[in-house]
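K.L.:
Dumping the structure here so I can ask a few things about it.
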Amino acid sequence: MGIAVVLALVVIGSVVFHFLSPWWWTPIASNWRYIDDTMIITFWITGAVFTAVVLFMAYCVFRFRHREGRRAAYEPENKRLEWWLAIGTGIGVAAMLAPGLVVWHRFVTVPKDASVVEVVGQQWQWAYRLPGADGQLGATDIAQVTPENPLGIDPKDPHGQDDIVIQGDQLHLQLDKPVKLLLRSLDVVHDFYVPEFRAKMDMIPGTVTYYWLTPTRAGTFEALCSELCSTGHTFMRGGVVVEPESQYRDWLQQQKTFAQLQSAARTQAKN
């Protein structure tokens, strides 16, 4: 009897804690409300299953508790019950997977009018690269990485000369403008994550991953590494500023291109 009561209290406490908990997502600042909706659907399904299973356990503990002179009936199989459990489980799993597949399709289908920003992760800092006037990012090669060329941009590729390089500073994004983030790592696995954007993706050394988003709320947001990348992981933080087009253009004009940075490095080396 006592165990049944404890199980029922576990269910009640879990449900109450879910609705009264002060811990919840940060206010969303992108178009990915679909991700929130998918997680809420998952919460409802798993919560309902958890409640049903634990309450059923409580019922069984109470209903079939030991009584003097009463013997349990041995029933090794119940095909009808097994069929119902299999069908119910299949429906529940499909209900959780289907919304995720729909969202994933949207997640990897980049709008044609999206701008491009490359995010480069390196222990333990972020760097960014934007296309210049030609609208194309230059080629990169890990063998080209040097203190003067930390992103490994190929100096022989003309498309890379006007690339805008941002290191040790905040990334700025234009409000209500879709942007495709190209993700590249120079050493270990990183993960560029802004909680308010909801979207994230692992950065795998040797390849380029991506996702896209549309910032929907102006402000300054913290960028985190969401993949354990050794001892400095917790300090691998940056900032993302979302602002209207006019302010974004003003910021963009103040940034330096790869060619300008290389020229400055050569001048400094001579001196």
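Scheme for the structure tokens: letters A, B, ... for chains in order shown; per-chain residue numbers from 1; ligand numbers from 1 in order shown.
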If you take only C-alpha atoms and a cut-off of 10 Å, which residues of range 7-70 of chain A touch range 196-218 of chain A, and what are their nearest atom pairs and distances in Å to one decimal, in chain and number order, as CSV?

P.N.:
residue,atom,partner,partner_atom,distance
A:Trp25,CA,A:Glu196,CA,8.1
A:Thr26,CA,A:Glu196,CA,5.9
A:Pro27,CA,A:Glu196,CA,6.1
A:Ile28,CA,A:Glu196,CA,4.7
A:Ala29,CA,A:Arg217,CA,4.9
A:Ser30,CA,A:Pro215,CA,4.4
A:Asn31,CA,A:Thr214,CA,5.5
A:Trp32,CA,A:Arg198,CA,6.5
A:Arg33,CA,A:Arg198,CA,8.1
A:Tyr34,CA,A:Arg198,CA,9.7
A:Ile35,CA,A:Arg198,CA,7.2
A:Asp36,CA,A:Arg198,CA,8.1

K.L.:
What residues in range 12-241 of chain A get the DSSP label helix (DSSP H, G or I)? Please answer as a CSV table (one decimal) with N, CA, C and O atoms, in the first residue's frame.

P.N.:
chain,number,residue,atom,x,y,z
A,12,ILE,N,2.5,12.8,-9.3
A,12,ILE,CA,1.9,14.2,-9.0
A,12,ILE,C,3.1,15.2,-8.8
A,12,ILE,O,3.0,16.3,-9.4
A,13,GLY,N,4.1,14.8,-8.1
A,13,GLY,CA,5.3,15.8,-7.9
A,13,GLY,C,5.9,16.1,-9.2
A,13,GLY,O,6.3,17.3,-9.4
A,14,SER,N,6.1,15.1,-10.1
A,14,SER,CA,6.7,15.4,-11.4
A,14,SER,C,5.9,16.3,-12.2
A,14,SER,O,6.5,17.3,-12.9
A,15,VAL,N,4.6,16.1,-12.3
A,15,VAL,CA,3.7,17.0,-13.1
A,15,VAL,C,3.7,18.4,-12.5
A,15,VAL,O,3.8,19.4,-13.3
A,16,VAL,N,3.6,18.5,-11.2
A,16,VAL,CA,3.5,19.8,-10.6
A,16,VAL,C,4.8,20.6,-10.8
A,16,VAL,O,4.9,21.8,-11.1
A,17,PHE,N,6.0,19.9,-10.6
A,17,PHE,CA,7.3,20.5,-10.8
A,17,PHE,C,7.4,21.0,-12.3
A,17,PHE,O,8.0,22.1,-12.5
A,18,HIS,N,6.9,20.2,-13.2
A,18,HIS,CA,7.0,20.6,-14.6
A,18,HIS,C,6.3,22.0,-14.9
A,18,HIS,O,6.9,22.9,-15.5
A,19,PHE,N,5.2,22.1,-14.3
A,19,PHE,CA,4.4,23.4,-14.6
A,19,PHE,C,4.8,24.5,-13.7
A,19,PHE,O,4.6,25.7,-14.1
A,20,LEU,N,5.4,24.3,-12.5
A,20,LEU,CA,5.8,25.3,-11.6
A,20,LEU,C,7.3,25.6,-11.6
A,20,LEU,O,7.7,26.6,-11.0
A,33,ARG,N,10.8,28.6,-33.9
A,33,ARG,CA,9.8,28.2,-32.9
A,33,ARG,C,9.3,26.8,-33.1
A,33,ARG,O,8.8,26.2,-32.2
A,34,TYR,N,9.5,26.3,-34.4
A,34,TYR,CA,9.2,24.9,-34.7
A,34,TYR,C,9.9,24.0,-33.7
A,34,TYR,O,9.3,22.9,-33.4
A,35,ILE,N,11.1,24.3,-33.4
A,35,ILE,CA,11.9,23.4,-32.5
A,35,ILE,C,11.3,23.4,-31.1
A,35,ILE,O,11.2,22.4,-30.5
A,36,ASP,N,10.8,24.6,-30.6
A,36,ASP,CA,10.2,24.6,-29.3
A,36,ASP,C,8.9,23.8,-29.4
A,36,ASP,O,8.6,23.0,-28.5
A,37,ASP,N,8.1,23.9,-30.5
A,37,ASP,CA,6.9,23.2,-30.6
A,37,ASP,C,7.1,21.7,-30.6
A,37,ASP,O,6.4,20.9,-30.0
A,38,THR,N,8.2,21.3,-31.3
A,38,THR,CA,8.5,19.8,-31.4
A,38,THR,C,8.9,19.3,-30.0
A,38,THR,O,8.5,18.2,-29.6
A,39,MET,N,9.7,20.1,-29.3
A,39,MET,CA,10.1,19.6,-27.9
A,39,MET,C,8.9,19.5,-27.0
A,39,MET,O,8.8,18.6,-26.2
A,40,ILE,N,7.9,20.5,-27.1
A,40,ILE,CA,6.7,20.5,-26.3
A,40,ILE,C,5.9,19.2,-26.6
A,40,ILE,O,5.3,18.6,-25.7
A,41,ILE,N,5.8,18.9,-27.9
A,41,ILE,CA,5.0,17.7,-28.3
A,41,ILE,C,5.7,16.5,-27.6
A,41,ILE,O,5.0,15.6,-27.1
A,42,THR,N,7.0,16.4,-27.7
A,42,THR,CA,7.8,15.3,-27.0
A,42,THR,C,7.5,15.3,-25.5
A,42,THR,O,7.3,14.2,-25.0
A,43,PHE,N,7.5,16.4,-24.9
A,43,PHE,CA,7.2,16.5,-23.4
A,43,PHE,C,5.8,15.9,-23.1
A,43,PHE,O,5.7,15.1,-22.2
A,44,TRP,N,4.8,16.3,-23.9
A,44,TRP,CA,3.5,15.8,-23.7
A,44,TRP,C,3.4,14.3,-23.9
A,44,TRP,O,2.7,13.6,-23.1
A,45,ILE,N,4.0,13.8,-24.9
A,45,ILE,CA,3.9,12.4,-25.2
A,45,ILE,C,4.6,11.6,-24.1
A,45,ILE,O,4.1,10.6,-23.5
A,46,THR,N,5.9,11.9,-23.9
A,46,THR,CA,6.7,11.2,-22.8
A,46,THR,C,6.1,11.4,-21.4
A,46,THR,O,6.1,10.5,-20.6
A,47,GLY,N,5.5,12.6,-21.2
A,47,GLY,CA,4.9,12.8,-19.9
A,47,GLY,C,3.6,12.0,-19.7
A,47,GLY,O,3.4,11.4,-18.6
A,48,ALA,N,2.8,11.8,-20.8
A,48,ALA,CA,1.6,11.0,-20.7
A,48,ALA,C,2.0,9.5,-20.5
A,48,ALA,O,1.4,8.8,-19.7
A,49,VAL,N,3.0,9.1,-21.2
A,49,VAL,CA,3.5,7.7,-21.1
A,49,VAL,C,4.0,7.4,-19.7
A,49,VAL,O,3.7,6.4,-19.0
A,50,PHE,N,4.8,8.4,-19.2
A,50,PHE,CA,5.4,8.2,-17.8
A,50,PHE,C,4.3,8.2,-16.8
A,50,PHE,O,4.3,7.3,-15.9
A,51,THR,N,3.3,9.1,-16.9
A,51,THR,CA,2.2,9.1,-16.0
A,51,THR,C,1.4,7.8,-16.0
A,51,THR,O,1.1,7.2,-15.0
A,52,ALA,N,1.1,7.3,-17.2
A,52,ALA,CA,0.3,6.1,-17.4
A,52,ALA,C,1.0,4.9,-16.8
A,52,ALA,O,0.5,4.1,-16.1
A,53,VAL,N,2.3,4.8,-17.1
A,53,VAL,CA,3.1,3.6,-16.7
A,53,VAL,C,3.2,3.6,-15.2
A,53,VAL,O,3.0,2.5,-14.5
A,54,VAL,N,3.6,4.7,-14.6
A,54,VAL,CA,3.8,4.7,-13.1
A,54,VAL,C,2.5,4.5,-12.4
A,54,VAL,O,2.5,3.8,-11.4
A,55,LEU,N,1.4,5.2,-12.8
A,55,LEU,CA,0.1,5.0,-12.2
A,55,LEU,C,-0.3,3.5,-12.3
A,55,LEU,O,-1.0,2.9,-11.4
A,56,PHE,N,0.0,2.9,-13.5
A,56,PHE,CA,-0.4,1.5,-13.7
A,56,PHE,C,0.4,0.6,-12.7
A,56,PHE,O,-0.1,-0.3,-12.2
A,57,MET,N,1.7,1.0,-12.5
A,57,MET,CA,2.5,0.2,-11.5
A,57,MET,C,1.9,0.4,-10.1
A,57,MET,O,1.8,-0.6,-9.4
A,58,ALA,N,1.5,1.6,-9.8
A,58,ALA,CA,0.9,1.8,-8.5
A,58,ALA,C,-0.4,1.0,-8.3
A,58,ALA,O,-0.7,0.4,-7.3
A,59,TYR,N,-1.2,1.0,-9.4
A,59,TYR,CA,-2.5,0.2,-9.4
A,59,TYR,C,-2.2,-1.3,-9.2
A,59,TYR,O,-2.8,-2.0,-8.3
A,60,CYS,N,-1.1,-1.8,-9.9
A,60,CYS,CA,-0.8,-3.2,-9.8
A,60,CYS,C,-0.3,-3.6,-8.4
A,60,CYS,O,-0.6,-4.6,-7.8
A,61,VAL,N,0.6,-2.7,-7.9
A,61,VAL,CA,1.1,-2.9,-6.5
A,61,VAL,C,-0.1,-3.0,-5.5
A,61,VAL,O,-0.1,-3.8,-4.6
A,62,PHE,N,-1.0,-2.1,-5.7
A,62,PHE,CA,-2.2,-2.1,-4.7
A,62,PHE,C,-3.2,-3.2,-5.0
A,62,PHE,O,-3.6,-3.9,-4.1
A,63,ARG,N,-3.5,-3.4,-6.3
A,63,ARG,CA,-4.5,-4.4,-6.6
A,63,ARG,C,-4.1,-5.8,-6.4
A,63,ARG,O,-4.9,-6.7,-5.9
A,79,LYS,N,-1.2,-12.4,-25.9
A,79,LYS,CA,-0.9,-11.8,-27.2
A,79,LYS,C,-1.8,-10.6,-27.5
A,79,LYS,O,-1.3,-9.7,-28.2
A,80,ARG,N,-2.9,-10.6,-26.9
A,80,ARG,CA,-3.8,-9.4,-27.1
A,80,ARG,C,-3.1,-8.1,-26.5
A,80,ARG,O,-3.1,-7.1,-27.1
A,81,LEU,N,-2.7,-8.3,-25.3
A,81,LEU,CA,-2.0,-7.2,-24.6
A,81,LEU,C,-0.7,-6.8,-25.3
A,81,LEU,O,-0.4,-5.6,-25.5
A,82,GLU,N,0.0,-7.8,-25.8
A,82,GLU,CA,1.3,-7.5,-26.5
A,82,GLU,C,1.0,-6.7,-27.8
A,82,GLU,O,1.8,-5.8,-28.2
A,83,TRP,N,0.0,-7.1,-28.5
A,83,TRP,CA,-0.4,-6.4,-29.7
A,83,TRP,C,-0.8,-4.9,-29.4
A,83,TRP,O,-0.3,-4.0,-30.1
A,84,TRP,N,-1.5,-4.7,-28.4
A,84,TRP,CA,-1.9,-3.3,-28.0
A,84,TRP,C,-0.7,-2.5,-27.6
A,84,TRP,O,-0.6,-1.3,-27.9
A,85,LEU,N,0.2,-3.1,-26.9
A,85,LEU,CA,1.4,-2.4,-26.4
A,85,LEU,C,2.3,-2.1,-27.6
A,85,LEU,O,2.8,-1.0,-27.7
A,86,ALA,N,2.4,-3.0,-28.6
A,86,ALA,CA,3.2,-2.8,-29.8
A,86,ALA,C,2.7,-1.7,-30.6
A,86,ALA,O,3.4,-0.8,-31.1
A,87,ILE,N,1.3,-1.7,-30.8
A,87,ILE,CA,0.7,-0.7,-31.6
A,87,ILE,C,0.8,0.7,-30.9
A,87,ILE,O,1.1,1.7,-31.6
A,88,GLY,N,0.5,0.7,-29.6
A,88,GLY,CA,0.5,2.0,-28.9
A,88,GLY,C,1.9,2.6,-28.9
A,88,GLY,O,2.1,3.8,-29.1
A,89,THR,N,3.0,1.7,-28.7
A,89,THR,CA,4.3,2.2,-28.7
A,89,THR,C,4.7,2.7,-30.1
A,89,THR,O,5.4,3.8,-30.2
A,90,GLY,N,4.3,2.0,-31.1
A,90,GLY,CA,4.6,2.5,-32.5
A,90,GLY,C,4.0,3.8,-32.8
A,90,GLY,O,4.6,4.7,-33.4
A,91,ILE,N,2.7,4.0,-32.4
A,91,ILE,CA,2.1,5.3,-32.6
A,91,ILE,C,2.8,6.4,-31.8
A,91,ILE,O,3.0,7.5,-32.3
A,92,GLY,N,3.2,6.1,-30.6
A,92,GLY,CA,3.8,7.1,-29.8
A,92,GLY,C,5.2,7.5,-30.3
A,92,GLY,O,5.5,8.7,-30.4
A,93,VAL,N,6.0,6.5,-30.8
A,93,VAL,CA,7.3,6.8,-31.4
A,93,VAL,C,7.1,7.6,-32.7
A,93,VAL,O,7.8,8.6,-32.9
A,94,ALA,N,6.1,7.2,-33.5
A,94,ALA,CA,5.9,8.0,-34.8
A,94,ALA,C,5.5,9.4,-34.5
A,94,ALA,O,5.9,10.3,-35.2
A,95,ALA,N,4.6,9.6,-33.4
A,95,ALA,CA,4.2,10.9,-33.1
A,95,ALA,C,5.3,11.8,-32.6
A,95,ALA,O,5.3,13.0,-32.8
A,96,MET,N,6.4,11.2,-32.0
A,96,MET,CA,7.5,12.0,-31.6
A,96,MET,C,8.5,12.3,-32.8
A,96,MET,O,9.1,13.3,-32.9
A,97,LEU,N,8.6,11.3,-33.7
A,97,LEU,CA,9.6,11.4,-34.8
A,97,LEU,C,9.1,12.3,-35.9
A,97,LEU,O,9.9,13.0,-36.5
A,98,ALA,N,7.8,12.2,-36.2
A,98,ALA,CA,7.3,12.9,-37.4
A,98,ALA,C,7.5,14.4,-37.3
A,98,ALA,O,8.0,15.0,-38.3
A,99,PRO,N,7.2,15.1,-36.2
A,99,PRO,CA,7.4,16.6,-36.2
A,99,PRO,C,8.9,16.9,-36.3
A,99,PRO,O,9.3,17.9,-36.9
A,100,GLY,N,9.8,16.0,-35.7
A,100,GLY,CA,11.2,16.3,-35.9
A,100,GLY,C,11.7,16.2,-37.3
A,100,GLY,O,12.6,16.9,-37.7
A,101,LEU,N,11.2,15.2,-38.0
A,101,LEU,CA,11.6,15.1,-39.4
A,101,LEU,C,11.1,16.3,-40.3
A,101,LEU,O,11.8,16.7,-41.2
A,102,VAL,N,9.9,16.8,-40.0
A,102,VAL,CA,9.4,18.0,-40.7
A,102,VAL,C,10.3,19.2,-40.4
A,102,VAL,O,10.7,19.9,-41.3
A,103,VAL,N,10.7,19.4,-39.1
A,103,VAL,CA,11.5,20.5,-38.7
A,103,VAL,C,12.9,20.3,-39.3
A,103,VAL,O,13.5,21.3,-39.8
A,104,TRP,N,13.5,19.1,-39.3
A,104,TRP,CA,14.8,18.9,-39.9
A,104,TRP,C,14.8,19.2,-41.4
A,104,TRP,O,15.8,19.8,-41.8
A,105,HIS,N,13.8,18.9,-42.1
A,105,HIS,CA,13.7,19.3,-43.5
A,105,HIS,C,13.8,20.8,-43.7
A,105,HIS,O,14.5,21.3,-44.5
A,106,ARG,N,13.1,21.5,-42.8
A,106,ARG,CA,13.2,23.0,-42.9
A,106,ARG,C,14.5,23.5,-42.4
A,106,ARG,O,15.0,24.5,-43.0
A,107,PHE,N,15.1,22.8,-41.5
A,107,PHE,CA,16.4,23.2,-40.9
A,107,PHE,C,17.5,23.2,-41.9
A,107,PHE,O,18.4,24.0,-41.9
A,108,VAL,N,17.5,22.2,-42.9
A,108,VAL,CA,18.6,22.1,-43.8
A,108,VAL,C,18.2,22.6,-45.2
A,108,VAL,O,19.0,22.6,-46.1
A,142,ILE,N,43.7,24.1,-44.3
A,142,ILE,CA,44.3,24.0,-42.9
A,142,ILE,C,45.8,24.2,-43.0
A,142,ILE,O,46.4,24.7,-42.0
A,143,ALA,N,46.4,23.9,-44.1
A,143,ALA,CA,47.9,24.1,-44.2
A,143,ALA,C,48.3,25.5,-44.3
A,143,ALA,O,49.4,25.9,-44.1
A,144,GLN,N,47.3,26.4,-44.6
A,144,GLN,CA,47.6,27.8,-44.7
A,144,GLN,C,47.4,28.6,-43.4
A,144,GLN,O,47.7,29.8,-43.3
A,158,PRO,N,41.6,34.6,-55.6
A,158,PRO,CA,41.1,36.0,-55.6
A,158,PRO,C,39.8,36.3,-54.9
A,158,PRO,O,39.6,37.4,-54.4
A,159,HIS,N,39.0,35.3,-54.8
A,159,HIS,CA,37.7,35.5,-54.1
A,159,HIS,C,37.9,35.7,-52.6
A,159,HIS,O,37.0,36.2,-51.9
A,160,GLY,N,39.1,35.3,-52.0
A,160,GLY,CA,39.3,35.5,-50.6
A,160,GLY,C,39.9,36.8,-50.2
A,160,GLY,O,39.9,37.1,-49.0
A,195,PRO,N,21.6,30.2,-27.4
A,195,PRO,CA,20.4,29.6,-26.9
A,195,PRO,C,19.1,30.3,-27.4
A,195,PRO,O,18.1,29.6,-27.7
A,196,GLU,N,19.1,31.6,-27.6
A,196,GLU,CA,17.9,32.3,-28.1
A,196,GLU,C,17.6,32.0,-29.5
A,196,GLU,O,16.4,32.2,-30.0
A,197,PHE,N,18.6,31.5,-30.3
A,197,PHE,CA,18.3,31.1,-31.7
A,197,PHE,C,17.8,29.7,-31.8
A,197,PHE,O,17.3,29.3,-32.8
A,233,HIS,N,36.8,24.8,-22.4
A,233,HIS,CA,35.4,24.7,-23.0
A,233,HIS,C,34.5,25.8,-22.4
A,233,HIS,O,33.8,26.5,-23.2
A,234,THR,N,34.5,25.9,-21.1
A,234,THR,CA,33.5,26.9,-20.5
A,234,THR,C,33.9,28.3,-20.8
A,234,THR,O,33.0,29.2,-20.6
A,235,PHE,N,35.1,28.6,-21.2
A,235,PHE,CA,35.5,30.0,-21.5
A,235,PHE,C,35.3,30.3,-23.0
A,235,PHE,O,35.6,31.4,-23.4

K.L.:
Just how far from CA of Ala127 in chain A is CA of Ala139 in chain A, in Å to one decimal?

P.N.:
16.0 Å

K.L.:
Extract the full set of strand (DSSP E) residues from range 63-209 of chain A according to DSSP on the backbone, and format it as a ChimeraX atom specification.

P.N.:
/A:115-122,125-130,164-167,171-174,179-185,190-193,200-203,209

K.L.:
Rank nothing, just name the residue among A:Pro178, A:Gly238, A:Pro155, A:Pro76 nearest to Val116 in chain A, using only C-alpha atoms.

P.N.:
A:Pro178

K.L.:
Would you pick out the contacts of Asn149 in chain A at 12 Å or less, using only C-alpha atoms, so that residues sharing its chain but fewer than 2 positions from it are not included, and give the list as a list in words?

P.N.:
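Once the adjacent positions are removed, what remains is Ala127, Thr140, Asp141, Ile142, Ala143, Gln144, Val145, Thr146, Pro147, Leu151, Gly152, Ile153, Asp154, Pro155, Gly160, Gln161, Val165, Ile166, Gln167, Thr257, Phe258, Ala259, Gln260, Leu261, Gln262, Ser263, Ala264, Ala265 and Arg266 of chain A.
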
K.L.:
Could you dump the residues just selected with N, CA, C and O atoms as a compact mmCIF listing (two decimals), in the first residue's frame?

P.N.:
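The new file result-v9.txt reads:
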# COMPACT_ATOMS: atom_id res chain seq x y z
N ALA A 127 35.85 32.85 -34.47
CA ALA A 127 36.20 33.82 -35.51
C ALA A 127 35.14 33.71 -36.60
O ALA A 127 34.45 32.68 -36.72
N THR A 140 39.76 27.85 -48.49
CA THR A 140 40.58 27.74 -47.28
C THR A 140 41.33 26.42 -47.28
O THR A 140 40.93 25.46 -47.95
N ASP A 141 42.40 26.38 -46.53
CA ASP A 141 43.20 25.17 -46.40
C ASP A 141 43.85 25.18 -45.03
O ASP A 141 44.48 26.18 -44.65
N ILE A 142 43.70 24.10 -44.29
CA ILE A 142 44.27 24.04 -42.95
C ILE A 142 45.77 24.25 -42.96
O ILE A 142 46.37 24.75 -42.00
N ALA A 143 46.41 23.89 -44.09
CA ALA A 143 47.86 24.06 -44.20
C ALA A 143 48.26 25.53 -44.28
O ALA A 143 49.42 25.87 -44.07
N GLN A 144 47.30 26.40 -44.59
CA GLN A 144 47.57 27.84 -44.71
C GLN A 144 47.45 28.58 -43.39
O GLN A 144 47.71 29.77 -43.31
N VAL A 145 47.05 27.87 -42.33
CA VAL A 145 46.85 28.53 -41.04
C VAL A 145 48.19 28.96 -40.45
O VAL A 145 49.09 28.14 -40.25
N THR A 146 48.30 30.23 -40.16
CA THR A 146 49.48 30.81 -39.51
C THR A 146 49.00 31.88 -38.55
O THR A 146 47.82 32.28 -38.58
N PRO A 147 49.88 32.41 -37.70
CA PRO A 147 49.46 33.53 -36.84
C PRO A 147 48.95 34.72 -37.63
O PRO A 147 48.08 35.45 -37.16
N LEU A 151 42.67 31.90 -40.11
CA LEU A 151 41.54 31.14 -40.65
C LEU A 151 41.95 30.26 -41.82
O LEU A 151 41.12 29.53 -42.37
N GLY A 152 43.20 30.34 -42.23
CA GLY A 152 43.68 29.48 -43.31
C GLY A 152 43.11 29.83 -44.66
O GLY A 152 42.92 28.95 -45.51
N ILE A 153 42.87 31.10 -44.92
CA ILE A 153 42.36 31.53 -46.22
C ILE A 153 43.46 31.41 -47.26
O ILE A 153 44.60 31.82 -47.03
N ASP A 154 43.14 30.85 -48.40
CA ASP A 154 44.12 30.67 -49.48
C ASP A 154 44.46 32.02 -50.09
O ASP A 154 43.61 32.65 -50.73
N PRO A 155 45.70 32.51 -49.92
CA PRO A 155 46.05 33.83 -50.46
C PRO A 155 46.06 33.89 -51.98
O PRO A 155 46.04 34.97 -52.56
N GLY A 160 39.07 35.32 -52.04
CA GLY A 160 39.29 35.47 -50.62
C GLY A 160 39.88 36.80 -50.21
O GLY A 160 39.88 37.15 -49.02
N GLN A 161 40.39 37.59 -51.17
CA GLN A 161 41.06 38.83 -50.84
C GLN A 161 40.12 39.86 -50.20
O GLN A 161 40.54 40.62 -49.33
N VAL A 165 37.14 39.51 -42.36
CA VAL A 165 37.57 38.62 -41.28
C VAL A 165 37.33 39.31 -39.93
O VAL A 165 37.76 40.45 -39.73
N ILE A 166 36.66 38.61 -39.03
CA ILE A 166 36.35 39.14 -37.70
C ILE A 166 36.88 38.17 -36.67
O ILE A 166 36.45 37.01 -36.62
N GLN A 167 37.83 38.62 -35.88
CA GLN A 167 38.43 37.76 -34.87
C GLN A 167 38.50 38.52 -33.56
O GLN A 167 38.88 39.69 -33.52
N THR A 257 39.14 43.69 -44.51
CA THR A 257 39.18 42.53 -45.39
C THR A 257 40.45 41.73 -45.14
O THR A 257 41.39 42.19 -44.49
N PHE A 258 40.48 40.54 -45.72
CA PHE A 258 41.66 39.68 -45.60
C PHE A 258 42.88 40.36 -46.20
O PHE A 258 43.98 40.31 -45.63
N ALA A 259 42.72 41.02 -47.35
CA ALA A 259 43.84 41.71 -48.00
C ALA A 259 44.37 42.83 -47.12
O ALA A 259 45.59 43.01 -46.99
N GLN A 260 43.49 43.58 -46.48
CA GLN A 260 43.93 44.67 -45.60
C GLN A 260 44.69 44.13 -44.38
O GLN A 260 45.71 44.69 -43.98
N LEU A 261 44.20 43.04 -43.82
CA LEU A 261 44.86 42.45 -42.66
C LEU A 261 46.23 41.90 -43.04
O LEU A 261 47.20 42.03 -42.27
N GLN A 262 46.33 41.28 -44.22
CA GLN A 262 47.62 40.75 -44.67
C GLN A 262 48.62 41.87 -44.92
O GLN A 262 49.80 41.77 -44.59
N SER A 263 48.13 42.96 -45.51
CA SER A 263 49.00 44.10 -45.76
C SER A 263 49.51 44.70 -44.46
O SER A 263 50.71 45.03 -44.33
N ALA A 264 48.64 44.82 -43.49
CA ALA A 264 49.04 45.35 -42.19
C ALA A 264 50.05 44.42 -41.51
O ALA A 264 51.00 44.88 -40.87
N ALA A 265 49.87 43.10 -41.66
CA ALA A 265 50.79 42.14 -41.05
C ALA A 265 52.17 42.23 -41.69
O ALA A 265 53.20 42.16 -41.00
N ARG A 266 52.21 42.39 -43.01
CA ARG A 266 53.49 42.53 -43.69
C ARG A 266 54.21 43.79 -43.29
O ARG A 266 55.42 43.82 -43.08

K.L.:
Compare A:Gln268, A:Gln254, A:Gln122, A:Asn78 by their minimum atom-to-atom distance to Met236 in chain A, counting only C-alpha atoms, and give me the closest one.

P.N.:
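Ranking A:Gln268, A:Gln254, A:Gln122, A:Asn78 by distance to Met236 in chain A, first place goes to A:Gln122.
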
K.L.:
Between A:Glu75, A:Asp162, A:Asp187, A:Glu68, single out the one closest to Arg129 in chain A, counting only C-alpha atoms.

P.N.:
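The answer is A:Asp162, which sits nearest to Arg129 in chain A.
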
K.L.:
Rounded to one decimal in Å, what is the spacing between CA of Ile3 in chain A and CA of Ala72 in chain A?

P.N.:
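Computing the Euclidean distance for CA of Ile3 in chain A and CA of Ala72 in chain A yields 19.1 Å.
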
K.L.:
If I take CA of Phe221 in chain A and CA of Val240 in chain A, how far is one from the other in Å, to one decimal?

P.N.:
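Interatomic distance here is 5.2 Å.
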
K.L.:
Quick one: of A:Glu222, A:Asp250, A:Glu245, A:Glu118, who's nearest to Ser185 in chain A, counting only C-alpha atoms?

P.N.:
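Of A:Glu222, A:Asp250, A:Glu245, A:Glu118, the one nearest Ser185 in chain A, counting only C-alpha atoms, is A:Glu118.
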
K.L.:
Show which residues sit within 7 Å of Pro131 in chain A, as a list in words. Count only C-alpha atoms, and ignore same-chain residues fewer than 4 positions away.

P.N.:
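Skipping anything fewer than 4 positions along the chain leaves Gly135, Gln136, Leu137, Asp163 and Ile164 of chain A.
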